[in-house]
>>> print(open('run19.pdb').read())   # PDB, C-alpha atoms and all ligand atoms
ATOM      1  CA  MET A 100      84.342   3.234 -52.288
ATOM      2  CA  THR A 101      83.788   0.010 -50.360
ATOM      3  CA  THR A 102      84.280  -3.295 -52.143
ATOM      4  CA  LYS A 103      81.872  -4.997 -49.790
ATOM      5  CA  LYS A 104      78.500  -6.225 -50.982
ATOM      6  CA  THR A 105      75.671  -3.952 -49.870
ATOM      7  CA  VAL A 106      72.241  -5.061 -48.639
ATOM      8  CA  LEU A 107      69.186  -3.006 -47.714
ATOM      9  CA  ILE A 108      66.932  -4.772 -45.204
ATOM     10  CA  THR A 109      63.622  -3.085 -44.439
ATOM     11  CA  GLY A 110      62.337  -3.536 -40.923
ATOM     12  CA  SER A 111      65.740  -4.400 -39.494
ATOM     13  CA  THR A 112      65.283  -2.525 -36.215
ATOM     14  CA  ASP A 113      63.547  -5.547 -34.679
ATOM     15  CA  GLY A 114      62.739  -9.237 -35.041
ATOM     16  CA  VAL A 115      64.081 -11.426 -37.808
ATOM     17  CA  GLY A 116      65.197  -8.407 -39.892
ATOM     18  CA  ARG A 117      67.561  -7.289 -37.134
ATOM     19  CA  TYR A 118      68.939 -10.811 -36.845
ATOM     20  CA  VAL A 119      69.581 -11.011 -40.603
ATOM     21  CA  ALA A 120      71.225  -7.546 -40.555
ATOM     22  CA  GLU A 121      73.668  -8.604 -37.842
ATOM     23  CA  ARG A 122      74.419 -11.926 -39.492
ATOM     24  CA  LEU A 123      75.098 -10.429 -42.928
ATOM     25  CA  ALA A 124      77.291  -7.719 -41.375
ATOM     26  CA  ALA A 125      79.261 -10.436 -39.589
ATOM     27  CA  GLU A 126      79.708 -12.189 -42.948
ATOM     28  CA  GLY A 127      81.237  -9.007 -44.407
ATOM     29  CA  TRP A 128      78.249  -7.320 -46.019
ATOM     30  CA  ARG A 129      77.723  -3.593 -45.706
ATOM     31  CA  VAL A 130      74.237  -3.315 -44.246
ATOM     32  CA  ILE A 131      71.668  -0.571 -44.662
ATOM     33  CA  VAL A 132      69.435  -0.878 -41.636
ATOM     34  CA  HIS A 133      65.912   0.503 -41.953
ATOM     35  CA  GLY A 134      63.013   1.094 -39.582
ATOM     36  CA  ARG A 135      60.825   3.847 -38.226
ATOM     37  CA  ASP A 136      62.620   4.439 -34.974
ATOM     38  CA  ARG A 137      65.961   6.235 -35.196
ATOM     39  CA  VAL A 138      67.043   5.306 -31.682
ATOM     40  CA  ARG A 139      66.453   1.593 -32.262
ATOM     41  CA  GLY A 140      68.085   1.872 -35.679
ATOM     42  CA  GLU A 141      71.206   3.451 -34.239
ATOM     43  CA  VAL A 142      71.370   0.707 -31.583
ATOM     44  CA  VAL A 143      71.494  -1.930 -34.347
ATOM     45  CA  VAL A 144      74.162   0.054 -36.229
ATOM     46  CA  GLU A 145      76.218   0.374 -33.041
ATOM     47  CA  ARG A 146      76.000  -3.367 -32.317
ATOM     48  CA  ILE A 147      77.157  -4.131 -35.865
ATOM     49  CA  THR A 148      79.962  -1.566 -35.749
ATOM     50  CA  LYS A 149      81.191  -2.768 -32.357
ATOM     51  CA  ALA A 150      81.343  -6.299 -33.725
ATOM     52  CA  GLY A 151      83.595  -5.046 -36.565
ATOM     53  CA  GLY A 152      80.933  -4.714 -39.258
ATOM     54  CA  GLU A 153      79.770  -1.831 -41.434
ATOM     55  CA  ALA A 154      76.250  -0.413 -41.286
ATOM     56  CA  ARG A 155      74.197   2.716 -41.499
ATOM     57  CA  PHE A 156      70.608   3.539 -40.731
ATOM     58  CA  PHE A 157      67.828   5.200 -42.717
ATOM     59  CA  ALA A 158      64.462   5.970 -41.145
ATOM     60  CA  ALA A 159      61.201   5.829 -43.109
ATOM     61  CA  ASP A 160      57.617   5.033 -42.258
ATOM     62  CA  LEU A 161      56.640   2.672 -45.051
ATOM     63  CA  SER A 162      52.942   3.350 -44.562
ATOM     64  CA  SER A 163      53.584   6.526 -46.576
ATOM     65  CA  LEU A 164      54.460   6.144 -50.264
ATOM     66  CA  ALA A 165      56.196   9.540 -50.088
ATOM     67  CA  GLU A 166      58.496   8.175 -47.380
ATOM     68  CA  VAL A 167      59.195   5.075 -49.494
ATOM     69  CA  ARG A 168      60.392   7.432 -52.236
ATOM     70  CA  LEU A 169      62.552   9.362 -49.754
ATOM     71  CA  LEU A 170      64.103   6.107 -48.530
ATOM     72  CA  ALA A 171      64.911   5.101 -52.110
ATOM     73  CA  ASP A 172      66.465   8.534 -52.742
ATOM     74  CA  ALA A 173      68.594   8.242 -49.601
ATOM     75  CA  VAL A 174      69.833   4.766 -50.579
ATOM     76  CA  ARG A 175      70.592   5.935 -54.116
ATOM     77  CA  ARG A 176      72.563   8.900 -52.800
ATOM     78  CA  ASP A 177      74.409   6.606 -50.402
ATOM     79  CA  GLY A 178      76.393   4.665 -52.941
ATOM     80  CA  ALA A 179      77.021   2.897 -56.156
ATOM     81  CA  GLY A 180      74.566   0.044 -55.993
ATOM     82  CA  LEU A 181      72.792  -2.701 -54.115
ATOM     83  CA  ASP A 182      73.643  -6.403 -54.166
ATOM     84  CA  ALA A 183      70.530  -7.391 -52.261
ATOM     85  CA  LEU A 184      67.221  -5.922 -51.174
ATOM     86  CA  VAL A 185      65.267  -7.708 -48.455
ATOM     87  CA  ASN A 186      61.654  -6.506 -48.202
ATOM     88  CA  ASN A 187      61.040  -7.631 -44.655
ATOM     89  CA  ALA A 188      59.192  -4.830 -42.841
ATOM     90  CA  GLY A 189      55.663  -5.764 -41.960
ATOM     91  CA  ILE A 190      52.710  -5.443 -39.637
ATOM     92  CA  GLY A 191      51.096  -8.578 -38.205
ATOM     93  CA  THR A 192      47.551  -9.771 -37.793
ATOM     94  CA  SER A 193      46.677  -8.034 -34.527
ATOM     95  CA  GLY A 194      44.144  -5.204 -34.512
ATOM     96  CA  ALA A 195      40.442  -5.720 -35.099
ATOM     97  CA  LYS A 196      39.872  -2.181 -36.342
ATOM     98  CA  ARG A 197      40.524  -1.333 -40.009
ATOM     99  CA  GLU A 198      43.234   1.311 -40.300
ATOM    100  CA  LEU A 199      44.213   3.494 -43.244
ATOM    101  CA  SER A 200      47.642   4.701 -44.283
ATOM    102  CA  PRO A 201      48.357   8.434 -44.712
ATOM    103  CA  ASP A 202      47.610   7.855 -48.426
ATOM    104  CA  GLY A 203      44.149   6.507 -47.531
ATOM    105  CA  LEU A 204      45.010   2.869 -48.296
ATOM    106  CA  GLU A 205      44.259  -0.147 -46.113
ATOM    107  CA  LEU A 206      47.267  -0.154 -43.782
ATOM    108  CA  ARG A 207      48.528  -3.742 -44.053
ATOM    109  CA  PHE A 208      48.198  -3.702 -47.837
ATOM    110  CA  ALA A 209      50.154  -0.420 -47.872
ATOM    111  CA  VAL A 210      53.005  -1.469 -45.561
ATOM    112  CA  ASN A 211      53.330  -5.208 -46.278
ATOM    113  CA  TYR A 212      52.862  -5.060 -50.044
ATOM    114  CA  LEU A 213      52.700  -1.647 -51.735
ATOM    115  CA  ALA A 214      55.745  -0.209 -49.949
ATOM    116  CA  GLY A 215      57.898  -3.173 -51.002
ATOM    117  CA  PHE A 216      56.473  -3.035 -54.527
ATOM    118  CA  LEU A 217      57.378   0.650 -54.924
ATOM    119  CA  LEU A 218      60.730   0.394 -53.141
ATOM    120  CA  THR A 219      61.738  -2.543 -55.335
ATOM    121  CA  ARG A 220      60.803  -0.680 -58.519
ATOM    122  CA  LEU A 221      62.776   2.360 -57.373
ATOM    123  CA  MET A 222      65.791   0.238 -56.430
ATOM    124  CA  LEU A 223      65.996  -1.733 -59.702
ATOM    125  CA  PRO A 224      68.578   0.654 -61.229
ATOM    126  CA  ALA A 225      70.816   0.244 -58.143
ATOM    127  CA  LEU A 226      70.459  -3.557 -58.339
ATOM    128  CA  GLU A 227      71.115  -3.542 -62.083
ATOM    129  CA  LYS A 228      74.535  -1.990 -61.464
ATOM    130  CA  ARG A 229      75.771  -5.240 -59.926
ATOM    131  CA  GLN A 230      76.890  -8.320 -61.831
ATOM    132  CA  SER A 231      74.354 -10.352 -59.897
ATOM    133  CA  ALA A 232      71.795  -9.158 -57.378
ATOM    134  CA  ARG A 233      68.954 -10.637 -55.369
ATOM    135  CA  ILE A 234      65.605  -9.439 -54.085
ATOM    136  CA  VAL A 235      64.033 -11.354 -51.210
ATOM    137  CA  ASN A 236      60.401 -10.746 -50.281
ATOM    138  CA  VAL A 237      59.649 -11.910 -46.766
ATOM    139  CA  SER A 238      56.096 -13.138 -47.029
ATOM    140  CA  SER A 239      54.218 -15.729 -44.991
ATOM    141  CA  ALA A 240      52.453 -19.089 -45.139
ATOM    142  CA  ARG A 241      49.356 -17.150 -44.152
ATOM    143  CA  GLN A 242      47.903 -16.275 -47.571
ATOM    144  CA  GLN A 243      44.436 -15.363 -48.706
ATOM    145  CA  PRO A 244      43.176 -14.821 -52.261
ATOM    146  CA  ILE A 245      42.450 -11.201 -53.023
ATOM    147  CA  ASP A 246      38.901 -10.015 -53.594
ATOM    148  CA  PHE A 247      39.577  -7.646 -56.480
ATOM    149  CA  SER A 248      36.209  -5.972 -55.938
ATOM    150  CA  ASP A 249      37.267  -4.972 -52.413
ATOM    151  CA  VAL A 250      41.062  -4.849 -52.207
ATOM    152  CA  MET A 251      40.903  -2.153 -49.518
ATOM    153  CA  LEU A 252      38.744  -4.449 -47.378
ATOM    154  CA  ALA A 253      35.990  -1.934 -46.807
ATOM    155  CA  ARG A 254      33.688  -4.910 -46.097
ATOM    156  CA  GLY A 255      34.346  -7.808 -43.737
ATOM    157  CA  TYR A 256      37.645  -6.485 -42.426
ATOM    158  CA  SER A 257      39.801  -8.466 -40.042
ATOM    159  CA  GLY A 258      43.480  -8.034 -39.217
ATOM    160  CA  VAL A 259      44.096 -11.661 -40.226
ATOM    161  CA  ARG A 260      42.409 -11.200 -43.610
ATOM    162  CA  ALA A 261      44.306  -7.970 -44.231
ATOM    163  CA  TYR A 262      47.622  -9.603 -43.348
ATOM    164  CA  CYS A 263      46.949 -12.721 -45.433
ATOM    165  CA  GLN A 264      45.924 -10.862 -48.605
ATOM    166  CA  SER A 265      48.924  -8.525 -48.320
ATOM    167  CA  LYS A 266      51.230 -11.531 -48.046
ATOM    168  CA  LEU A 267      49.769 -13.289 -51.111
ATOM    169  CA  ALA A 268      50.026  -9.989 -53.018
ATOM    170  CA  GLN A 269      53.743  -9.915 -52.136
ATOM    171  CA  ILE A 270      54.140 -13.446 -53.491
ATOM    172  CA  MET A 271      52.319 -12.658 -56.752
ATOM    173  CA  PHE A 272      54.505  -9.592 -57.184
ATOM    174  CA  THR A 273      57.559 -11.829 -56.756
ATOM    175  CA  PHE A 274      56.404 -14.220 -59.490
ATOM    176  CA  ASP A 275      55.475 -11.412 -61.893
ATOM    177  CA  LEU A 276      58.735  -9.547 -61.334
ATOM    178  CA  ALA A 277      60.783 -12.721 -61.819
ATOM    179  CA  LYS A 278      59.197 -13.147 -65.263
ATOM    180  CA  GLU A 279      59.807  -9.491 -66.082
ATOM    181  CA  LEU A 280      63.468  -9.733 -65.021
ATOM    182  CA  ALA A 281      64.181 -13.037 -66.798
ATOM    183  CA  GLY A 282      67.540 -12.758 -68.549
ATOM    184  CA  HIS A 283      68.628  -9.880 -66.298
ATOM    185  CA  ASN A 284      71.161  -9.991 -63.466
ATOM    186  CA  ILE A 285      68.507  -9.808 -60.718
ATOM    187  CA  ALA A 286      66.851 -12.817 -59.072
ATOM    188  CA  VAL A 287      63.715 -12.346 -57.006
ATOM    189  CA  ASN A 288      62.345 -14.923 -54.585
ATOM    190  CA  CYS A 289      59.998 -14.994 -51.613
ATOM    191  CA  LEU A 290      59.423 -17.078 -48.538
ATOM    192  CA  HIS A 291      57.615 -17.984 -45.382
ATOM    193  CA  PRO A 292      60.567 -17.675 -42.977
ATOM    194  CA  ALA A 293      59.280 -19.765 -40.059
ATOM    195  CA  THR A 294      56.044 -20.240 -38.121
ATOM    196  CA  TYR A 295      55.412 -18.012 -35.105
ATOM    197  CA  MET A 296      58.937 -16.837 -34.445
ATOM    198  CA  ASP A 297      59.543 -15.185 -31.118
ATOM    199  CA  THR A 298      59.180 -11.585 -32.326
ATOM    200  CA  THR A 299      57.219  -8.460 -31.395
ATOM    201  CA  MET A 300      54.692  -9.172 -34.157
ATOM    202  CA  VAL A 301      53.865 -12.628 -32.817
ATOM    203  CA  ARG A 302      53.850 -11.541 -29.193
ATOM    204  CA  LEU A 303      51.417  -8.699 -30.050
ATOM    205  CA  SER A 304      49.033 -11.173 -31.672
ATOM    206  CA  GLY A 305      48.869 -13.136 -28.414
ATOM    207  CA  VAL A 306      50.231 -16.357 -29.945
ATOM    208  CA  ARG A 307      52.849 -18.438 -28.153
ATOM    209  CA  PRO A 308      56.026 -18.495 -30.302
ATOM    210  CA  ILE A 309      57.065 -21.903 -31.618
ATOM    211  CA  SER A 310      60.110 -20.960 -33.764
ATOM    212  CA  THR A 311      63.203 -18.879 -33.183
ATOM    213  CA  VAL A 312      64.384 -15.875 -35.183
ATOM    214  CA  GLU A 313      67.492 -17.931 -35.945
ATOM    215  CA  GLN A 314      65.330 -20.463 -37.828
ATOM    216  CA  GLY A 315      63.509 -17.838 -39.889
ATOM    217  CA  GLY A 316      66.718 -15.872 -40.304
ATOM    218  CA  ALA A 317      68.512 -18.894 -41.768
ATOM    219  CA  ALA A 318      65.762 -19.227 -44.388
ATOM    220  CA  ILE A 319      66.079 -15.554 -45.371
ATOM    221  CA  LEU A 320      69.886 -15.753 -45.454
ATOM    222  CA  GLN A 321      69.680 -18.746 -47.785
ATOM    223  CA  LEU A 322      67.750 -16.666 -50.333
ATOM    224  CA  VAL A 323      70.167 -13.730 -49.946
ATOM    225  CA  ASP A 324      73.458 -15.494 -50.434
ATOM    226  CA  GLU A 325      73.299 -19.272 -50.929
ATOM    227  CA  PRO A 326      75.503 -19.904 -53.986
ATOM    228  CA  ALA A 327      73.443 -22.953 -55.032
ATOM    229  CA  LEU A 328      70.494 -20.631 -55.680
ATOM    230  CA  ALA A 329      72.443 -18.372 -58.026
ATOM    231  CA  GLY A 330      70.348 -17.524 -61.063
ATOM    232  CA  ARG A 331      67.184 -19.136 -59.657
ATOM    233  CA  SER A 332      64.261 -16.759 -59.584
ATOM    234  CA  GLY A 333      60.501 -16.716 -59.058
ATOM    235  CA  LEU A 334      60.600 -19.262 -56.250
ATOM    236  CA  TYR A 335      58.592 -19.549 -53.035
ATOM    237  CA  PHE A 336      60.236 -21.204 -50.046
ATOM    238  CA  SER A 337      58.716 -22.433 -46.808
ATOM    239  CA  GLY A 338      61.620 -22.183 -44.387
ATOM    240  CA  MET A 339      64.617 -23.836 -46.034
ATOM    241  CA  GLN A 340      62.534 -25.869 -48.510
ATOM    242  CA  GLU A 341      61.296 -24.844 -51.940
ATOM    243  CA  SER A 342      57.524 -24.995 -51.772
ATOM    244  CA  ARG A 343      54.315 -23.764 -53.393
ATOM    245  CA  ALA A 344      52.206 -20.764 -52.492
ATOM    246  CA  ASN A 345      48.404 -20.672 -52.440
ATOM    247  CA  PRO A 346      47.469 -21.299 -56.108
TER     248      PRO A 346
HETATM  249  N1  LIG B   1      57.207 -13.670 -36.808
HETATM  250  C1  LIG B   1      56.772 -14.676 -37.553
HETATM  251  O1  LIG B   1      56.544 -15.791 -37.070
HETATM  252  C2  LIG B   1      56.594 -14.478 -39.041
HETATM  253  C3  LIG B   1      56.048 -15.536 -39.791
HETATM  254  C4  LIG B   1      55.880 -15.368 -41.163
HETATM  255  C5  LIG B   1      56.277 -14.175 -41.758
HETATM  256  N2  LIG B   1      56.804 -13.175 -41.004
HETATM  257  C6  LIG B   1      57.196 -11.935 -41.683
HETATM  258  O2  LIG B   1      58.509 -11.614 -41.321
HETATM  259  C7  LIG B   1      58.695 -10.180 -41.397
HETATM  260  C8  LIG B   1      59.345  -9.689 -40.114
HETATM  261  O3  LIG B   1      58.496  -9.982 -39.044
HETATM  262  P1  LIG B   1      58.971 -10.000 -37.507
HETATM  263  O4  LIG B   1      58.228 -11.114 -36.887
HETATM  264  O5  LIG B   1      60.436  -9.929 -37.411
HETATM  265  O6  LIG B   1      58.274  -8.640 -36.991
HETATM  266  P2  LIG B   1      58.716  -7.536 -35.939
HETATM  267  O7  LIG B   1      59.655  -8.065 -34.921
HETATM  268  O8  LIG B   1      57.434  -6.952 -35.471
HETATM  269  O9  LIG B   1      59.524  -6.496 -36.834
HETATM  270  C9  LIG B   1      58.862  -5.785 -37.846
HETATM  271  C10 LIG B   1      59.809  -4.773 -38.450
HETATM  272  O10 LIG B   1      59.076  -4.054 -39.460
HETATM  273  C11 LIG B   1      59.158  -2.663 -39.174
HETATM  274  N3  LIG B   1      57.937  -1.947 -39.530
HETATM  275  C12 LIG B   1      56.670  -2.198 -39.152
HETATM  276  N4  LIG B   1      55.839  -1.271 -39.636
HETATM  277  C13 LIG B   1      56.608  -0.393 -40.340
HETATM  278  C14 LIG B   1      56.331   0.785 -41.068
HETATM  279  N5  LIG B   1      55.109   1.301 -41.161
HETATM  280  N6  LIG B   1      57.365   1.425 -41.643
HETATM  281  C15 LIG B   1      58.621   0.948 -41.537
HETATM  282  N7  LIG B   1      58.947  -0.160 -40.878
HETATM  283  C16 LIG B   1      57.946  -0.820 -40.272
HETATM  284  C17 LIG B   1      59.373  -2.580 -37.675
HETATM  285  O11 LIG B   1      59.940  -1.314 -37.388
HETATM  286  P3  LIG B   1      59.786  -0.607 -35.967
HETATM  287  O12 LIG B   1      60.991  -1.009 -35.209
HETATM  288  O13 LIG B   1      59.750   0.828 -36.296
HETATM  289  O14 LIG B   1      58.490  -1.119 -35.377
HETATM  290  C18 LIG B   1      60.322  -3.737 -37.445
HETATM  291  O15 LIG B   1      61.633  -3.389 -37.734
HETATM  292  C19 LIG B   1      57.304  -9.596 -41.652
HETATM  293  O16 LIG B   1      57.148  -9.276 -43.004
HETATM  294  C20 LIG B   1      56.368 -10.741 -41.273
HETATM  295  O17 LIG B   1      55.133 -10.678 -41.951
HETATM  296  C21 LIG B   1      56.975 -13.278 -39.665
END
>>> encode(input="run19.pdb", output="structure tokens")
Amino acid sequence: MTTKKTVLITGSTDGVGRYVAERLAAEGWRVIVHGRDRVRGEVVVERITKAGGEARFFAADLSSLAEVRLLADAVRRDGAGLDALVNNAGIGTSGAKRELSPDGLELRFAVNYLAGFLLTRLMLPALEKRQSARIVNVSSARQQPIDFSDVMLARGYSGVRAYCQSKLAQIMFTFDLAKELAGHNIAVNCLHPATYMDTTMVRLSGVRPISTVEQGGAAILQLVDEPALAGRSGLYFSGMQESRANP
């Protein structure tokens, strides 16, 4: 059994997730790469392995809650525990047409929030096995209060609104879970990594990138393994700075 720390990073076949996967592998972590596309996943694993790191890939479409459960099963079967879980996979703001997940849920709410919520709950036993573990929810500065009478956005849909409510839901989950896990070995924090990083998501939305994945990646890495943050939980960061989410 490996003595390395293990991290699961969702959505690490592209963008800032892939960057964080390669960086943590280079720092000696064993990395579980996740995405939908096996070919792209294996490319990331190969790059990590060639550079001397350790990684493996699990495929799952997080728009399906059944696939979230299968991913959790696969990770559980894979080993003894998890030192960190980074809920990073997400869909951006582009797309004017409302889409539903295979479970009949509004798609951005399902992928950006519910999948991470369920995966985190299913992974708690694996995280509890470690002396100290961290959960990092990659959210966004783009946040919109949730209309609890229309969470599925059946009225007045826009891709931006769907994205923003899913991201605030992720943040509220972080704060609630931190309270629930107080006194346990697991810290849970969330962040806006950086504004308009040069990634597929941003390019698809037609916006000109103004940050690099290295900038957003550094902010995520800080929450994963900065020793000064040990034991601190329920925080929201904007980039490298502790900040406040939409009240
Ligand atoms: N880019 C920014 O400026 C920015 C700013 C604030 C917050 N964020 C957040 O940062 C995170 C990463 O964004 P990014 O810019 O790096 O995006 P990206 O390059 O588009 O990468 C998104 C990742 O999520 C995966 N993904 C998307 N839908 C999925 C699904 N249904 N099931 C499983 N995996 C899925 C993608 O997998 P595939 O390879 O299969 O597509 C990919 O690996 C997101 O949560 C985003 O909201 C980004």
>>> resolve_selection(input="run19.pdb", expression="the PyMOL selection byres (((chain A and resi 173-178) around 9) and not hetatm)", output="PyMOL selection string")
chain A and resi 100+107+131+157+168-172+179-181+222+225
>>> residues_near_ligand(input="run19.pdb", ligand="ligand LIG 1 (chain B)", cutoff="7 Å", atoms="only C-alpha atoms and all ligand atoms", output="PDB file with C-alpha atoms, keeping the file's coordinate frame")
ATOM      1  CA  THR A 109      63.622  -3.085 -44.439  1.00  0.00           C
ATOM      2  CA  GLY A 110      62.337  -3.536 -40.923  1.00  0.00           C
ATOM      3  CA  SER A 111      65.740  -4.400 -39.494  1.00  0.00           C
ATOM      4  CA  THR A 112      65.283  -2.525 -36.215  1.00  0.00           C
ATOM      5  CA  ASP A 113      63.547  -5.547 -34.679  1.00  0.00           C
ATOM      6  CA  GLY A 114      62.739  -9.237 -35.041  1.00  0.00           C
ATOM      7  CA  VAL A 115      64.081 -11.426 -37.808  1.00  0.00           C
ATOM      8  CA  GLY A 116      65.197  -8.407 -39.892  1.00  0.00           C
ATOM      9  CA  GLY A 134      63.013   1.094 -39.582  1.00  0.00           C
ATOM     10  CA  ARG A 135      60.825   3.847 -38.226  1.00  0.00           C
ATOM     11  CA  ASP A 136      62.620   4.439 -34.974  1.00  0.00           C
ATOM     12  CA  ARG A 139      66.453   1.593 -32.262  1.00  0.00           C
ATOM     13  CA  ALA A 159      61.201   5.829 -43.109  1.00  0.00           C
ATOM     14  CA  ASP A 160      57.617   5.033 -42.258  1.00  0.00           C
ATOM     15  CA  LEU A 161      56.640   2.672 -45.051  1.00  0.00           C
ATOM     16  CA  SER A 162      52.942   3.350 -44.562  1.00  0.00           C
ATOM     17  CA  ASN A 187      61.040  -7.631 -44.655  1.00  0.00           C
ATOM     18  CA  ALA A 188      59.192  -4.830 -42.841  1.00  0.00           C
ATOM     19  CA  GLY A 189      55.663  -5.764 -41.960  1.00  0.00           C
ATOM     20  CA  ILE A 190      52.710  -5.443 -39.637  1.00  0.00           C
ATOM     21  CA  GLY A 191      51.096  -8.578 -38.205  1.00  0.00           C
ATOM     22  CA  VAL A 210      53.005  -1.469 -45.561  1.00  0.00           C
ATOM     23  CA  ASN A 211      53.330  -5.208 -46.278  1.00  0.00           C
ATOM     24  CA  VAL A 237      59.649 -11.910 -46.766  1.00  0.00           C
ATOM     25  CA  SER A 238      56.096 -13.138 -47.029  1.00  0.00           C
ATOM     26  CA  SER A 239      54.218 -15.729 -44.991  1.00  0.00           C
ATOM     27  CA  ALA A 240      52.453 -19.089 -45.139  1.00  0.00           C
ATOM     28  CA  HIS A 291      57.615 -17.984 -45.382  1.00  0.00           C
ATOM     29  CA  PRO A 292      60.567 -17.675 -42.977  1.00  0.00           C
ATOM     30  CA  ALA A 293      59.280 -19.765 -40.059  1.00  0.00           C
ATOM     31  CA  THR A 294      56.044 -20.240 -38.121  1.00  0.00           C
ATOM     32  CA  TYR A 295      55.412 -18.012 -35.105  1.00  0.00           C
ATOM     33  CA  MET A 296      58.937 -16.837 -34.445  1.00  0.00           C
ATOM     34  CA  ASP A 297      59.543 -15.185 -31.118  1.00  0.00           C
ATOM     35  CA  THR A 298      59.180 -11.585 -32.326  1.00  0.00           C
ATOM     36  CA  THR A 299      57.219  -8.460 -31.395  1.00  0.00           C
ATOM     37  CA  MET A 300      54.692  -9.172 -34.157  1.00  0.00           C
ATOM     38  CA  VAL A 301      53.865 -12.628 -32.817  1.00  0.00           C
TER      39      VAL A 301
END
>>> resolve_selection(input="run19.pdb", expression="the PyMOL selection byres (((chain A and resi 213) around 10) and not hetatm)", output="short mmCIF file (atom, residue, chain, number, x, y, z; two decimals) with C-alpha atoms, keeping the file's coordinate frame")
data_model
loop_
_atom_site.label_atom_id
_atom_site.label_comp_id
_atom_site.auth_asym_id
_atom_site.auth_seq_id
_atom_site.Cartn_x
_atom_site.Cartn_y
_atom_site.Cartn_z
CA LEU A 161 56.64 2.67 -45.05
CA SER A 162 52.94 3.35 -44.56
CA SER A 163 53.58 6.53 -46.58
CA LEU A 164 54.46 6.14 -50.26
CA VAL A 167 59.20 5.08 -49.49
CA LEU A 204 45.01 2.87 -48.30
CA LEU A 206 47.27 -0.15 -43.78
CA ARG A 207 48.53 -3.74 -44.05
CA PHE A 208 48.20 -3.70 -47.84
CA ALA A 209 50.15 -0.42 -47.87
CA VAL A 210 53.00 -1.47 -45.56
CA ASN A 211 53.33 -5.21 -46.28
CA TYR A 212 52.86 -5.06 -50.04
CA ALA A 214 55.74 -0.21 -49.95
CA GLY A 215 57.90 -3.17 -51.00
CA PHE A 216 56.47 -3.04 -54.53
CA LEU A 217 57.38 0.65 -54.92
CA LEU A 218 60.73 0.39 -53.14
CA THR A 219 61.74 -2.54 -55.34
CA SER A 265 48.92 -8.52 -48.32
CA ALA A 268 50.03 -9.99 -53.02
CA GLN A 269 53.74 -9.91 -52.14
CA PHE A 272 54.50 -9.59 -57.18
#
>>> resolve_selection(input="run19.pdb", expression="the PyMOL selection byres (((chain A and resi 280-283) around 10) and not hetatm)", output="list in words")
Leu223, Glu227, Gln230, Ser231, Ala232, Asp275, Leu276, Ala277, Lys278, Glu279, Asn284, Ile285, Ala286, Val287, Gly330, Arg331, Ser332 and Gly333 of chain A
>>> residues_around(input="run19.pdb", residues="A:Ala195", least_positions_apart="6", cutoff="10 Å", atoms="all atoms listed in the file", output="list in words")
Tyr256, Ser257, Gly258 and Val259 of chain A
>>> closest_residue(input="run19.pdb", among="A:Ile234, A:Tyr335, A:Ile245, A:Glu313", to="A:Ile270", atoms="all atoms listed in the file")
A:Tyr335
>>> residues_around(input="run19.pdb", residues="A:Val130", least_positions_apart="5", cutoff="8 Å", atoms="only C-alpha atoms", output="list of chain:residue names")
A:Thr105, A:Val106, A:Leu107, A:Ile108, A:Ala120, A:Leu123, A:Ala124, A:Glu153, A:Ala154, A:Arg155
>>> write_last_selection(input="run19.pdb", atoms="C-alpha atoms", output="PDB file, keeping the file's coordinate frame")
ATOM      1  CA  THR A 105      75.671  -3.952 -49.870  1.00  0.00           C
ATOM      2  CA  VAL A 106      72.241  -5.061 -48.639  1.00  0.00           C
ATOM      3  CA  LEU A 107      69.186  -3.006 -47.714  1.00  0.00           C
ATOM      4  CA  ILE A 108      66.932  -4.772 -45.204  1.00  0.00           C
ATOM      5  CA  ALA A 120      71.225  -7.546 -40.555  1.00  0.00           C
ATOM      6  CA  LEU A 123      75.098 -10.429 -42.928  1.00  0.00           C
ATOM      7  CA  ALA A 124      77.291  -7.719 -41.375  1.00  0.00           C
ATOM      8  CA  GLU A 153      79.770  -1.831 -41.434  1.00  0.00           C
ATOM      9  CA  ALA A 154      76.250  -0.413 -41.286  1.00  0.00           C
ATOM     10  CA  ARG A 155      74.197   2.716 -41.499  1.00  0.00           C
TER      11      ARG A 155
END
>>> closest_residue(input="run19.pdb", among="A:Arg220, A:Arg137, A:Arg233, A:Arg307", to="A:Ala183", atoms="only C-alpha atoms")
A:Arg233
>>> atom_distance(input="run19.pdb", atom1="atom CA of A:Ile319", atom2="atom CA of A:Lys104")
16.5 Å
>>> atom_distance(input="run19.pdb", atom1="atom CA of A:Gly127", atom2="atom CA of A:Gly151")
9.1 Å
>>> closest_residue(input="run19.pdb", among="A:Thr311, A:Asn288, A:Ser248, A:Gln243", to="A:Arg260", atoms="all atoms listed in the file")
A:Gln243
>>> atom_distance(input="run19.pdb", atom1="atom CA of A:Ile147", atom2="atom CA of A:Glu121")
6.0 Å
>>> closest_residue(input="run19.pdb", among="A:Gly152, A:Gly140, A:Gly255, A:Arg146", to="A:Lys103", atoms="all atoms listed in the file")
A:Gly152
>>> closest_residue(input="run19.pdb", among="A:Arg254, A:Arg229, A:Arg117, A:Arg343", to="A:Gly315", atoms="all atoms listed in the file")
A:Arg117
>>> axis_aligned_box(input="run19.pdb", around="stretch 336-340 of chain A", padding_each_side="3 Å", output="AutoDock Vina command-line options")
--center_x 61.7 --center_y -23.5 --center_z -47.2 --size_x 11.9 --size_y 10.7 --size_z 11.7
